[in-house]
Amino acid sequence: MSRYMSEIQRVLRPGAYFHLWDVDLSERPETDKEYYIVFVHYTVGDFEIGTGYGHKWPDEERNVEYYIDLAEEFGFKHISTERNEHLFHLIFKLM
């Protein structure tokens, strides 16, 4: 994940905002499945669409605190957090 954050930091100018949406993976359910799948439905104006994505379960917890700590290591300031059940949206500013 540090590789991605490093690249985001590289391409943004100081003062730029970075938005991150993800799924709270702080509690892994009892499962023998190697992957999780998330279905997302969103609306922008009159446009509606749904999609899904899946990924292998991470080795460590991936939650709001994980991303805030990681972003701060790369010079980002946490601006806000929005939650909707297991989904979250974080806004950061590159200092």
# chains A, B, ... in the order shown; residues from 1 in each chain; ligands from 1
>>> residues_around(residues="range 17-24 of chain A", least_positions_apart="2", cutoff="10 Å", atoms="only C-alpha atoms", output="ChimeraX atom specification")
/A:8-9,12-15,26-28,38,61-67,71,76-95
>>> select_by_dssp(residues="range 4-84 of chain A", states="helix (DSSP H, G or I)", output="mmCIF file with C-alpha atoms, in the first residue's frame")
data_model
loop_
_atom_site.group_PDB
_atom_site.id
_atom_site.type_symbol
_atom_site.label_atom_id
_atom_site.label_comp_id
_atom_site.auth_asym_id
_atom_site.auth_seq_id
_atom_site.Cartn_x
_atom_site.Cartn_y
_atom_site.Cartn_z
ATOM 1 C CA TYR A 4 0.452 3.537 -4.009
ATOM 2 C CA MET A 5 0.634 6.311 -1.445
ATOM 3 C CA SER A 6 4.128 7.221 -2.620
ATOM 4 C CA GLU A 7 2.878 7.544 -6.202
ATOM 5 C CA ILE A 8 -0.126 9.648 -5.143
ATOM 6 C CA GLN A 9 2.203 11.950 -3.218
ATOM 7 C CA ARG A 10 4.536 12.189 -6.219
ATOM 8 C CA VAL A 11 1.877 13.282 -8.735
ATOM 9 C CA VAL A 64 -10.167 4.270 8.612
ATOM 10 C CA GLU A 65 -7.323 4.488 11.131
ATOM 11 C CA TYR A 66 -5.032 2.392 8.913
ATOM 12 C CA TYR A 67 -5.444 4.781 5.975
ATOM 13 C CA ILE A 68 -5.185 7.946 8.084
ATOM 14 C CA ASP A 69 -1.921 6.744 9.657
ATOM 15 C CA LEU A 70 -0.533 5.723 6.262
ATOM 16 C CA ALA A 71 -1.488 8.998 4.571
ATOM 17 C CA GLU A 72 0.014 11.061 7.385
ATOM 18 C CA GLU A 73 3.332 9.213 6.928
#
>>> select_by_dssp(residues="range 10-83 of chain A", states="strand (DSSP E or B)", output="PyMOL selection string")
chain A and resi 17-23+25+35-44+47-56+62+76-83
>>> residues_around(residues="range 51-59 of chain A", least_positions_apart="6", cutoff="6 Å", atoms="only C-alpha atoms", output="ChimeraX atom specification")
/A:34-40
